[in-house]
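Asker: Provided herewith: coords_2.txt, compact mmCIF, C-alpha atoms.
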```
# COMPACT_ATOMS: atom_id res chain seq x y z
CA MET A 13 0.00 0.00 0.00
CA GLN A 14 1.29 3.44 -0.92
CA LYS A 15 2.19 5.72 1.94
CA GLN A 16 0.23 8.95 1.77
CA GLY A 17 2.15 11.46 3.87
CA PHE A 18 5.85 11.89 4.62
CA SER A 19 7.49 14.17 7.13
CA ASP A 20 10.31 16.45 5.93
CA PHE A 21 12.79 14.14 7.59
CA GLU A 22 11.33 11.13 5.79
CA TYR A 23 11.50 12.97 2.48
CA ILE A 24 15.16 13.83 3.03
CA ASP A 25 15.88 10.24 3.98
CA GLY A 26 13.92 9.10 0.92
CA PHE A 27 16.01 11.38 -1.32
CA ARG A 28 19.21 10.01 0.15
CA LYS A 29 18.08 6.43 -0.49
CA LYS A 30 16.48 7.26 -3.87
CA ASP A 31 13.26 5.85 -2.45
CA ASN A 32 10.67 5.61 -5.20
CA GLN A 33 7.66 6.16 -3.01
CA ALA A 34 9.05 9.21 -1.23
CA ILE A 35 10.23 10.82 -4.46
CA ARG A 36 6.90 10.24 -6.19
CA SER A 37 5.05 11.68 -3.25
CA PHE A 38 7.39 14.67 -3.12
CA TYR A 39 6.91 15.27 -6.85
CA SER A 40 3.13 15.21 -6.73
CA LEU A 41 3.10 17.34 -3.58
CA ASN A 42 5.28 20.10 -5.03
CA PHE A 43 4.72 20.11 -8.75
CA GLN A 44 1.49 22.11 -8.68
CA SER A 45 2.99 25.09 -6.83
CA ILE A 46 6.10 25.13 -9.05
CA SER A 47 4.01 24.76 -12.16
CA ASN A 48 1.70 27.59 -11.06
CA TYR A 49 4.64 29.88 -10.44
CA VAL A 50 6.31 29.07 -13.77
CA TYR A 51 3.03 29.45 -15.62
CA ARG A 52 2.26 32.74 -13.89
CA THR A 53 5.58 34.13 -15.00
CA GLY A 54 5.19 33.18 -18.63
CA GLY A 55 6.48 29.60 -18.68
CA THR A 56 4.98 26.36 -19.84
CA VAL A 57 4.21 23.04 -18.14
CA SER A 58 7.18 21.47 -19.90
CA GLU A 59 9.45 24.22 -18.54
CA ALA A 60 7.97 23.68 -15.10
CA GLU A 61 8.91 19.99 -15.42
CA ASP A 62 12.47 20.96 -16.32
CA VAL A 63 12.68 23.30 -13.35
CA MET A 64 11.25 20.61 -11.09
CA GLN A 65 13.78 18.07 -12.33
CA GLU A 66 16.71 20.42 -11.86
CA GLY A 67 15.41 21.46 -8.44
CA MET A 68 15.10 17.85 -7.33
CA LEU A 69 18.60 17.06 -8.55
CA LEU A 70 19.98 20.02 -6.62
CA LEU A 71 18.06 18.97 -3.54
CA TYR A 72 19.34 15.42 -3.96
CA GLU A 73 22.91 16.64 -4.14
CA SER A 74 22.38 18.95 -1.17
CA VAL A 75 20.98 16.30 1.12
CA GLN A 76 23.93 14.01 0.38
CA LYS A 77 26.19 16.48 2.18
CA GLU A 78 26.73 15.69 5.82
CA ASP A 79 26.44 19.32 6.85
CA PHE A 80 23.03 19.74 5.25
CA VAL A 81 20.70 21.55 7.66
CA LEU A 82 17.10 22.34 6.87
CA THR A 83 16.22 25.74 8.33
CA SER A 84 12.67 25.97 6.98
CA GLN A 85 9.96 23.66 5.77
CA LEU A 86 11.24 21.40 3.00
CA SER A 87 8.55 22.51 0.55
CA THR A 88 9.40 26.19 1.20
CA TYR A 89 13.07 25.47 0.71
CA PHE A 90 12.38 23.52 -2.47
CA PHE A 91 10.10 26.24 -3.84
CA ALA A 92 12.88 28.77 -3.29
CA ILE A 93 15.35 26.53 -5.16
CA CYS A 94 12.97 26.16 -8.10
CA LYS A 95 12.11 29.85 -8.15
CA HIS A 96 15.81 30.61 -8.26
CA ILE A 97 16.36 28.14 -11.12
CA TRP A 98 13.47 29.62 -13.08
CA LEU A 99 14.53 33.22 -12.58
CA CYS A 100 18.10 32.33 -13.53
CA LEU A 101 16.73 30.98 -16.78
CA TYR A 102 15.03 34.32 -17.33
CA LYS A 103 18.27 36.06 -16.62
CA ASP A 104 20.03 33.86 -19.16
CA TRP A 105 17.29 34.26 -21.73
CA GLY A 106 16.60 37.92 -20.98
CA ASN A 107 14.51 38.45 -24.09
CA ARG A 108 11.80 36.17 -22.71
CA MET A 109 11.37 38.18 -19.53
CA PRO A 110 7.63 38.53 -18.94
CA ALA A 111 6.24 41.89 -17.85
CA ASN A 112 4.89 40.57 -14.57
CA VAL A 113 8.26 39.45 -13.15
CA ASP A 114 9.65 41.89 -10.66
CA ILE A 115 13.28 42.39 -11.69
CA TYR A 116 14.24 42.88 -8.04
CA THR A 117 13.34 39.27 -7.39
CA LEU A 118 15.98 38.11 -9.84
CA PRO A 119 18.74 36.15 -8.14
CA ASP A 120 21.67 38.08 -6.89
CA GLU A 121 24.92 36.59 -8.15
CA GLU A 122 26.61 37.20 -4.85
CA HIS A 123 23.83 35.49 -2.97
CA ASN A 124 24.91 32.23 -1.45
CA TRP A 125 22.44 30.09 -3.32
CA ILE A 126 22.77 26.47 -4.15
CA GLU A 127 22.84 26.64 -7.87
CA SER A 128 23.41 24.25 -10.74
CA SER A 129 26.86 24.51 -12.23
CA LEU A 130 27.25 24.50 -15.98
CA ASP A 131 28.39 20.90 -15.70
CA GLU A 132 25.15 20.04 -13.92
CA LYS A 133 23.17 21.87 -16.56
CA ARG A 134 25.01 19.98 -19.29
CA PHE A 135 24.42 16.77 -17.37
CA LEU A 136 20.70 17.52 -17.26
CA LEU A 137 20.64 18.32 -20.96
CA PHE A 138 22.35 15.06 -21.87
CA TYR A 139 20.20 13.12 -19.45
CA LYS A 140 16.97 14.57 -20.84
CA CYS A 141 17.99 13.69 -24.39
CA PHE A 142 19.35 10.29 -23.47
CA VAL A 143 16.13 9.15 -21.77
CA CYS A 144 14.23 10.11 -24.90
CA LEU A 145 15.88 7.21 -26.70
CA LEU A 146 14.33 3.77 -26.83
CA PRO A 147 15.36 1.58 -23.87
CA GLN A 148 17.29 -0.75 -26.20
CA CYS A 149 19.24 2.20 -27.61
CA GLN A 150 20.04 3.44 -24.11
CA GLU A 151 21.28 0.00 -23.17
CA ILE A 152 23.46 -0.41 -26.26
CA ILE A 153 25.12 2.99 -25.73
CA LYS A 154 25.74 2.19 -22.07
CA MET A 155 27.25 -1.17 -23.02
CA ARG A 156 29.52 0.39 -25.58
CA LYS A 157 30.68 2.88 -22.99
CA GLN A 158 31.65 -0.07 -20.85
CA ASN A 159 33.69 -1.33 -23.83
CA ILE A 160 31.44 -4.34 -24.30
CA SER A 161 32.01 -5.82 -27.75
CA TYR A 162 29.44 -5.70 -30.53
CA ALA A 163 29.41 -9.49 -30.52
CA ASP A 164 28.25 -9.55 -26.90
CA ILE A 165 25.69 -6.82 -27.61
CA ALA A 166 24.39 -8.85 -30.56
CA GLU A 167 24.08 -11.88 -28.34
CA LYS A 168 22.26 -10.00 -25.57
CA PHE A 169 19.71 -8.48 -27.92
CA LYS A 170 19.49 -11.64 -30.07
CA LEU A 171 20.77 -9.84 -33.16
CA SER A 172 22.02 -12.08 -35.96
CA ASN A 173 25.57 -10.66 -36.03
CA PRO A 174 27.85 -7.97 -34.52
CA HIS A 175 27.55 -5.88 -37.67
CA ILE A 176 23.86 -5.35 -37.01
CA ALA A 177 24.60 -4.41 -33.41
CA ARG A 178 27.10 -1.86 -34.63
CA ASN A 179 24.63 -0.38 -37.13
CA LYS A 180 22.00 -0.21 -34.43
CA LYS A 181 24.35 1.66 -32.14
CA HIS A 182 25.20 4.13 -34.93
CA ILE A 183 21.56 4.83 -35.55
CA CYS A 184 20.95 5.33 -31.82
CA MET A 185 23.91 7.69 -31.52
CA ARG A 186 22.88 9.64 -34.58
CA ASN A 187 19.42 10.14 -33.08
CA LEU A 188 20.83 11.13 -29.73
CA ILE A 189 23.21 13.70 -31.24
CA LYS A 190 20.36 15.11 -33.28
CA LEU A 191 18.29 15.44 -30.11
CA ILE A 192 21.08 17.12 -28.19
CA LYS A 193 21.92 19.56 -30.97
CA SER A 194 18.30 20.55 -31.42
CA HIS A 195 17.73 21.15 -27.69
CA LYS A 196 17.03 24.78 -26.80
CA ASP A 197 19.84 24.83 -24.21
CA PHE A 198 22.50 23.26 -26.41
CA LYS A 199 23.83 26.42 -28.04
CA TYR A 200 23.87 28.34 -24.77
CA LEU A 201 25.64 25.53 -22.90
CA SER A 202 28.15 24.79 -25.64
CA ASN A 203 29.15 28.47 -25.80
CA GLU A 204 29.75 28.70 -22.04
CA LYS A 205 33.10 27.56 -20.80
CA MET B 228 27.88 11.87 -38.21
CA LYS B 229 30.15 9.49 -40.02
CA ASN B 230 30.28 6.06 -38.46
CA ASP B 231 34.09 6.13 -38.64
CA ASN B 232 34.17 9.35 -36.61
CA GLN B 233 31.88 7.80 -34.07
CA GLU B 234 34.03 4.71 -33.74
CA MET B 235 37.18 6.78 -33.44
CA ILE B 236 35.70 9.04 -30.75
CA GLU B 237 34.37 6.03 -28.90
CA ASP B 238 37.74 4.27 -29.03
CA PHE B 239 39.46 7.43 -27.83
CA LEU B 240 37.03 7.93 -24.93
CA ASN B 241 37.21 4.26 -23.98
CA GLY B 242 41.03 4.38 -24.09
CA ASN B 243 41.27 1.86 -26.89
CA LEU B 244 43.73 3.92 -28.98
CA ASP B 245 47.44 3.54 -28.59
CA GLY B 246 49.72 6.55 -28.06
CA GLU B 247 50.26 7.34 -31.71
CA GLN B 248 46.60 6.91 -32.67
CA SER B 249 45.60 9.04 -29.71
CA ALA B 250 47.96 11.85 -30.77
CA GLN B 251 46.65 11.70 -34.32
CA PHE B 252 43.10 11.91 -33.07
CA GLN B 253 43.87 14.93 -30.91
CA GLU B 254 45.53 16.64 -33.88
CA ALA B 255 42.47 15.93 -35.98
CA LEU B 256 40.27 17.56 -33.34
CA LYS B 257 42.12 20.85 -33.86
CA THR B 258 41.45 20.98 -37.58
CA ASN B 259 38.25 19.01 -38.06
CA LEU B 260 35.47 21.15 -36.59
CA VAL B 261 32.75 18.57 -37.26
CA LEU B 262 34.76 15.91 -35.50
CA ALA B 263 35.44 18.34 -32.63
CA GLU B 264 31.74 19.04 -32.09
CA GLU B 265 30.86 15.35 -32.22
CA TYR B 266 33.63 14.66 -29.77
CA ARG B 267 32.29 17.32 -27.34
CA ILE B 268 28.84 15.81 -27.49
CA MET B 269 30.01 12.24 -26.97
CA LYS B 270 32.33 13.31 -24.18
CA GLY B 271 29.42 15.11 -22.53
CA LEU B 272 27.31 11.99 -22.89
CA TYR B 273 29.99 9.76 -21.41
CA GLU B 274 30.42 12.15 -18.48
CA THR B 275 26.70 12.04 -17.95
CA LEU B 276 26.70 8.26 -17.97
CA ASP B 277 29.60 8.33 -15.52
CA LYS B 278 27.48 10.16 -12.96
CA LYS B 279 25.68 6.96 -12.21
CA ASP B 280 24.39 8.13 -8.87
CA GLN B 281 22.71 11.25 -10.20
CA PHE B 282 21.69 9.37 -13.31
CA ASP B 283 19.86 6.75 -11.25
CA PHE B 284 18.26 9.45 -9.12
CA LEU B 285 16.97 11.24 -12.22
CA ASP B 286 15.56 7.92 -13.43
CA VAL B 287 13.45 7.80 -10.28
CA VAL B 288 12.43 11.45 -10.77
CA GLU B 289 11.53 10.69 -14.38
CA GLN B 290 9.32 7.84 -13.18
CA ALA B 291 7.72 10.21 -10.66
CA ARG B 292 7.11 12.73 -13.44
CA LEU B 293 5.50 10.11 -15.67
CA ASP B 294 3.38 8.84 -12.77
CA TYR B 295 2.25 12.35 -11.97
CA ARG B 296 1.35 13.00 -15.60
CA ARG B 297 -0.59 9.75 -15.78
CA GLN B 298 -2.40 10.66 -12.57
CA GLN B 299 -3.23 14.12 -13.90
CA LYS B 300 -4.46 12.65 -17.15
CA LYS B 301 -6.62 10.19 -15.26
CA GLU B 302 -8.08 12.95 -13.11
CA LEU B 303 -8.64 15.08 -16.18
CA THR B 304 -10.41 12.18 -17.86
CA LEU B 305 -12.55 11.74 -14.76
CA ILE B 306 -13.37 15.44 -14.71
CA LYS B 307 -14.10 15.35 -18.42
CA SER B 308 -16.29 12.29 -18.05
CA GLY B 309 -17.95 14.01 -15.10
CA TRP B 310 -18.62 17.01 -17.31
CA ARG B 311 -19.75 14.71 -20.06
CA ASN B 312 -22.17 12.97 -17.71
CA ALA B 313 -23.36 16.32 -16.41
CA ARG B 314 -23.81 17.49 -19.98
CA ILE B 315 -25.73 14.34 -20.85
CA MET B 316 -27.90 14.83 -17.76
CA LEU B 317 -28.47 18.45 -18.70
CA LEU B 318 -29.36 17.52 -22.27
CA ALA B 319 -31.63 14.73 -21.06
CA SER B 320 -33.35 17.14 -18.65
CA ALA B 321 -33.74 19.72 -21.39
CA ALA B 322 -35.14 17.05 -23.71
CA LEU B 323 -37.58 15.95 -21.01
CA VAL B 324 -38.71 19.52 -20.41
CA LEU B 325 -39.17 20.01 -24.15
CA LEU B 326 -41.05 16.74 -24.41
CA ALA B 327 -43.28 17.68 -21.50
CA LEU B 328 -43.87 21.06 -23.10
CA ALA B 329 -44.64 19.46 -26.46
CA ILE B 330 -47.05 17.01 -24.83
CA PHE B 331 -48.69 19.85 -22.92
CA VAL B 332 -49.15 21.90 -26.10
CA LEU B 333 -50.33 18.85 -28.03
CA VAL B 334 -52.81 17.84 -25.36
CA ARG B 335 -53.96 21.42 -25.02
CA ASN B 336 -54.45 21.70 -28.76
CA ASN B 337 -56.24 18.39 -28.98
CA GLU B 338 -58.19 18.95 -25.82
CA ALA B 339 -61.91 18.62 -26.36
CA PRO B 340 -63.88 21.78 -25.88
CA ASP B 341 -65.64 22.08 -22.58
CA TYR B 342 -68.96 20.57 -23.74
CA LYS B 343 -70.66 21.04 -20.42
CA ALA B 344 -69.85 24.76 -20.43
CA LEU B 345 -71.08 25.09 -24.00
CA PHE B 346 -74.25 23.21 -23.16
CA ASP B 347 -74.92 25.52 -20.21
CA LYS B 348 -74.27 28.51 -22.40
CA TYR B 349 -76.70 27.53 -25.14
CA TYR B 350 -79.35 25.55 -23.35
CA THR B 351 -82.47 27.43 -22.51
CA HIS B 352 -85.48 25.89 -20.93
CA TYR B 353 -88.17 25.31 -23.54
CA ASN B 354 -91.22 26.94 -22.01
CA PHE B 355 -93.72 26.77 -24.76
CA ILE B 356 -96.54 24.75 -23.24
CA ILE B 357 -99.45 23.46 -25.17
CA ALA B 358 -102.80 22.71 -23.53
CA PHE B 359 -104.99 20.22 -25.29
CA ARG B 360 -108.70 20.50 -25.07
CA GLN B 361 -109.60 17.00 -26.20
CA SER B 362 -110.91 14.57 -23.68
CA GLY B 363 -109.62 11.17 -22.85
CA ASP B 364 -106.97 9.66 -20.66
CA SER B 365 -104.11 10.24 -23.01
CA VAL B 366 -104.90 13.95 -23.33
CA SER B 367 -105.25 14.14 -19.60
CA HIS B 368 -101.82 12.55 -19.19
CA LEU B 369 -100.40 14.85 -21.79
CA ASN B 370 -101.74 17.98 -20.11
CA LYS B 371 -100.63 16.74 -16.74
CA GLY B 372 -97.19 16.10 -18.16
CA MET B 373 -97.10 19.64 -19.56
CA GLN B 374 -98.00 21.09 -16.19
CA LEU B 375 -95.40 18.99 -14.42
CA TYR B 376 -92.80 19.96 -17.03
CA LYS B 377 -93.68 23.61 -16.53
CA ALA B 378 -93.34 23.18 -12.79
CA GLY B 379 -89.95 21.52 -13.19
CA ASN B 380 -91.09 18.11 -11.98
CA TYR B 381 -89.40 16.34 -14.88
CA LYS B 382 -89.44 12.82 -13.51
CA GLN B 383 -93.15 12.89 -12.85
CA ALA B 384 -93.67 14.61 -16.16
CA ILE B 385 -91.87 11.72 -17.85
CA THR B 386 -94.35 9.25 -16.27
CA SER B 387 -97.27 11.28 -17.59
CA PHE B 388 -95.76 11.71 -21.02
CA LEU B 389 -95.01 8.00 -21.27
CA ALA B 390 -98.64 7.27 -20.37
CA ALA B 391 -99.84 9.73 -23.02
CA ARG B 392 -97.46 8.28 -25.57
CA GLU B 393 -99.59 5.16 -25.87
CA SER B 394 -101.90 7.18 -28.14
CA SER B 395 -99.04 7.92 -30.51
CA TRP B 396 -98.93 11.55 -29.65
CA GLN B 397 -95.64 12.52 -31.24
CA ILE B 398 -95.43 15.67 -29.24
CA THR B 399 -94.94 13.52 -26.17
CA ASP B 400 -91.65 12.32 -27.66
CA PHE B 401 -90.43 15.88 -27.94
CA TYR B 402 -91.28 16.70 -24.32
CA LEU B 403 -89.90 13.37 -23.15
CA GLY B 404 -86.64 14.30 -24.89
CA LEU B 405 -86.67 17.65 -23.11
CA CYS B 406 -87.46 16.07 -19.72
CA TYR B 407 -84.63 13.58 -20.08
CA LEU B 408 -82.35 16.41 -21.11
CA GLU B 409 -83.29 18.29 -17.95
CA ILE B 410 -82.57 15.35 -15.67
CA GLY B 411 -79.28 14.59 -17.43
CA ASN B 412 -80.25 11.35 -19.12
CA TYR B 413 -78.83 12.36 -22.46
CA ALA B 414 -79.03 8.93 -24.08
CA LYS B 415 -82.79 8.77 -23.55
CA SER B 416 -83.09 12.39 -24.57
CA VAL B 417 -81.29 11.63 -27.85
CA GLU B 418 -83.51 8.61 -28.37
CA TYR B 419 -86.75 10.64 -28.19
CA LEU B 420 -85.57 13.83 -29.81
CA LYS B 421 -84.13 11.92 -32.74
CA MET B 422 -87.54 10.45 -33.50
CA VAL B 423 -89.05 13.91 -33.58
CA SER B 424 -86.29 15.57 -35.56
CA ASP B 425 -86.57 12.93 -38.29
CA SER B 426 -90.30 13.59 -38.63
CA SER B 427 -92.02 16.57 -40.07
CA THR B 428 -93.86 17.70 -36.97
CA ASP B 429 -94.23 21.26 -35.78
CA GLN B 430 -91.42 20.75 -33.31
CA GLN B 431 -88.89 19.39 -35.77
CA TYR B 432 -86.70 22.55 -35.67
CA GLU B 433 -86.80 22.64 -31.88
CA ALA B 434 -86.21 18.90 -31.76
CA ARG B 435 -83.13 19.21 -34.00
CA TRP B 436 -81.70 22.04 -31.89
CA TYR B 437 -82.27 20.27 -28.59
CA LEU B 438 -80.99 17.02 -30.09
CA ALA B 439 -77.83 18.86 -31.05
CA LEU B 440 -77.58 20.05 -27.45
CA ALA B 441 -78.19 16.51 -26.19
CA TYR B 442 -75.32 15.27 -28.37
CA LEU B 443 -73.22 18.14 -27.09
CA ALA B 444 -73.98 17.17 -23.51
CA GLN B 445 -72.91 13.63 -24.38
CA GLY B 446 -69.65 14.94 -25.76
CA ASN B 447 -70.48 13.63 -29.20
CA GLN B 448 -68.93 16.44 -31.16
CA GLN B 449 -69.19 14.70 -34.51
CA GLU B 450 -72.96 14.29 -34.33
CA THR B 451 -73.41 17.75 -32.79
CA THR B 452 -71.45 19.38 -35.61
CA LYS B 453 -73.25 17.37 -38.28
CA LEU B 454 -76.59 18.37 -36.89
CA LEU B 455 -75.66 22.02 -36.41
CA GLU B 456 -74.40 22.20 -39.99
CA ASN B 457 -77.78 20.89 -41.17
CA ILE B 458 -79.54 23.54 -39.11
CA VAL B 459 -77.28 26.25 -40.58
CA LYS B 460 -78.07 25.10 -44.12
CA ASN B 461 -81.72 25.67 -43.58
CA GLN B 462 -82.38 29.38 -43.90
CA LYS B 463 -85.83 28.99 -42.40
CA ASP B 464 -84.63 27.32 -39.26
CA TYR B 465 -85.05 29.79 -36.43
CA PHE B 466 -82.22 28.15 -34.47
CA ARG B 467 -79.85 28.92 -37.34
CA GLU B 468 -78.14 31.91 -35.67
CA GLN B 469 -77.55 30.01 -32.45
CA ALA B 470 -76.34 26.98 -34.38
CA LEU B 471 -73.80 29.19 -36.18
CA LYS B 472 -72.54 30.60 -32.91
CA LEU B 473 -72.31 27.17 -31.31
CA LEU B 474 -70.41 25.83 -34.31
CA SER B 475 -67.99 28.72 -34.07
CA ASP B 476 -67.54 28.12 -30.34
CA LEU B 477 -66.87 24.43 -30.98
CA LYS B 478 -64.15 25.30 -33.53
CA LYS B 479 -62.57 27.84 -31.17
CA GLY B 480 -62.56 25.29 -28.40
CA GLN B 481 -60.54 22.92 -30.57
CA LYS B 482 -57.64 25.40 -31.12
```
Just dump the structure as structure tokens.
Answerer:
Amino acid sequence: MQKQGFSDFEYIDGFRKKDNQAIRSFYSLNFQSISNYVYRTGGTVSEAEDVMQEGMLLLYESVQKEDFVLTSQLSTYFFAICKHIWLCLYKDWGNRMPANVDIYTLPDEEHNWIESSLDEKRFLLFYKCFVCLLPQCQEIIKMRKQNISYADIAEKFKLSNPHIARNKKHICMRNLIKLIKSHKDFKYLSNEK
Amino acid sequence: MKNDNQEMIEDFLNGNLDGEQSAQFQEALKTNLVLAEEYRIMKGLYETLDKKDQFDFLDVVEQARLDYRRQQKKELTLIKSGWRNARIMLLASAALVLLALAIFVLVRNNEAPDYKALFDKYYTHYNFIIAFRQSGDSVSHLNKGMQLYKAGNYKQAITSFLAARESSWQITDFYLGLCYLEIGNYAKSVEYLKMVSDSSTDQQYEARWYLALAYLAQGNQQETTKLLENIVKNQKDYFREQALKLLSDLKKGQK
């Protein structure tokens, strides 16, 4: 039976253990408020999902640290993280700034915020594109990264010969690169050092 | 992306190239911009895959996102189906109201005129009394019947008229018809008045008019109308004007 309510401590513990139930509950509990905020300030549901994902990754990385201390309610803290992520996006894509966003609420660069590094942003971009591939494609690319031979890949996926496995991998990679290059963040992230 | 490039990048990233091959590849990266971009992308991908911990966490988040979407979709479907049901209910209610309205209008249009009211409007007591000077029992009964009729004792008048009828006095049939009309026995009234109206007695016009009223009281609109139309056709009939009015009222009552 699915657990309905979690305390902040249980959520943090769930994040640390990558507990499915806690993460799902956290997502459904917080998505509406993040989505409302993003929508109110000119964003879309898909952008709200991106913000949510980045926010959860940042929270995940934060709670792994031994010195992590929660000084407010977890949902308040998480909302602040997401708001910061969203307003940073506005700052980066200044031309999309909606009229109803108070510029004084934009994040201060000197402010000691937990913030995604460019590496983390790149990681998110690659992750988002990678999970768009078919599961078999994902698996083949992962196997090749582990230096597993095409012959073994062919055997695992019951392909008639290694040549077919190799062709399959090329097609998967071609699709992935196409996805990455066409992503809205790709140009911005590849220009940043 | 050329497959050869892909293989070369992959071999380089996986450390499968020897020193010389590796140096050649790095040289190529400086001059071949396409290769350099592909290399950056694949390197980024490999770095992403290296972050297994975060990668696995995002997998769980992705599942949570998909679950949430599914849940939202389900709720939306429920809301939509709720709206659809509500809409169906609303349409059904509207259809029922319309149907009820249509039935009401139809019934109202087809509703028979109020025959009783029309009868009351047009019926007048026939007070022309005849006194017969002949002698004999039948005349005596007839005169007695007339007196009783005049006095409003219709039941007793009927007894007298029936007694007088034995002598084939046709006028008794007319008064019998009137008496039965007065006491509300319309079938009997029709029976007697019909015999008079079909004859050529002095009371045939009166008989036809009161027969029409007897039919009206019975609610037999077809016979009433038929009879009234006959009265109207006859210019000499002194009930013609009333017959016209009654016909008009009957038609109005049908609308």
Asker: Output the contact residues of chain B with respect to chain A at a cut-off of 10 Å, based on all atoms listed in the file, as number ranges by chain.
Answerer: B: 228-231, 233-234, 237-238, 240-243, 264-265, 267-269, 271-278, 280-296, 298-299
Asker: Which distance in Å separates CA of Lys257 (chain B) and CA of Leu130 (chain A), to one decimal?
Answerer: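 Straight-line distance from CA of Lys257 (chain B) to CA of Leu130 (chain A) works out to 23.5 Å.
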Asker: Taking (-94.2, 17.1, -35.8) in the file's coordinates, which residues come within 12 Å, counting only C-alpha atoms, written as a PyMOL selection string?
Answerer: chain B and resi 395-402+420-435
Asker: Between B:Tyr353, B:Lys415, B:Lys479, B:Glu456, which residue has the minimum interatomic distance to Tyr437 (chain B), considering only C-alpha atoms?
Answerer: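 Looking only at the distances to Tyr437 (chain B), the closest residue turns out to be B:Tyr353.
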Asker: Would you mind reading off the distance between CA of Leu440 (chain B) and CA of Ile410 (chain B), one decimal, in Å?
Answerer: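 We find that CA of Leu440 (chain B) and CA of Ile410 (chain B) lie 13.6 Å from each other.
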Asker: Take every atom of region 167-175 of chain A listed in the file, fit an axis-aligned box around them, add 4 Å per side, and give the centre and edge lengths in Å to one decimal as AutoDock Vina command-line options.
Answerer:
```
--center_x 23.7 --center_y -9.0 --center_z -31.6 --size_x 16.4 --size_y 14.2 --size_z 20.1
```
Asker: For the atom pair CA of Ile330 (chain B) and CA of Leu477 (chain B), what is the interatomic distance in Å to one decimal place?
Answerer: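 Separation between CA of Ile330 (chain B) and CA of Leu477 (chain B): 22.0 Å.
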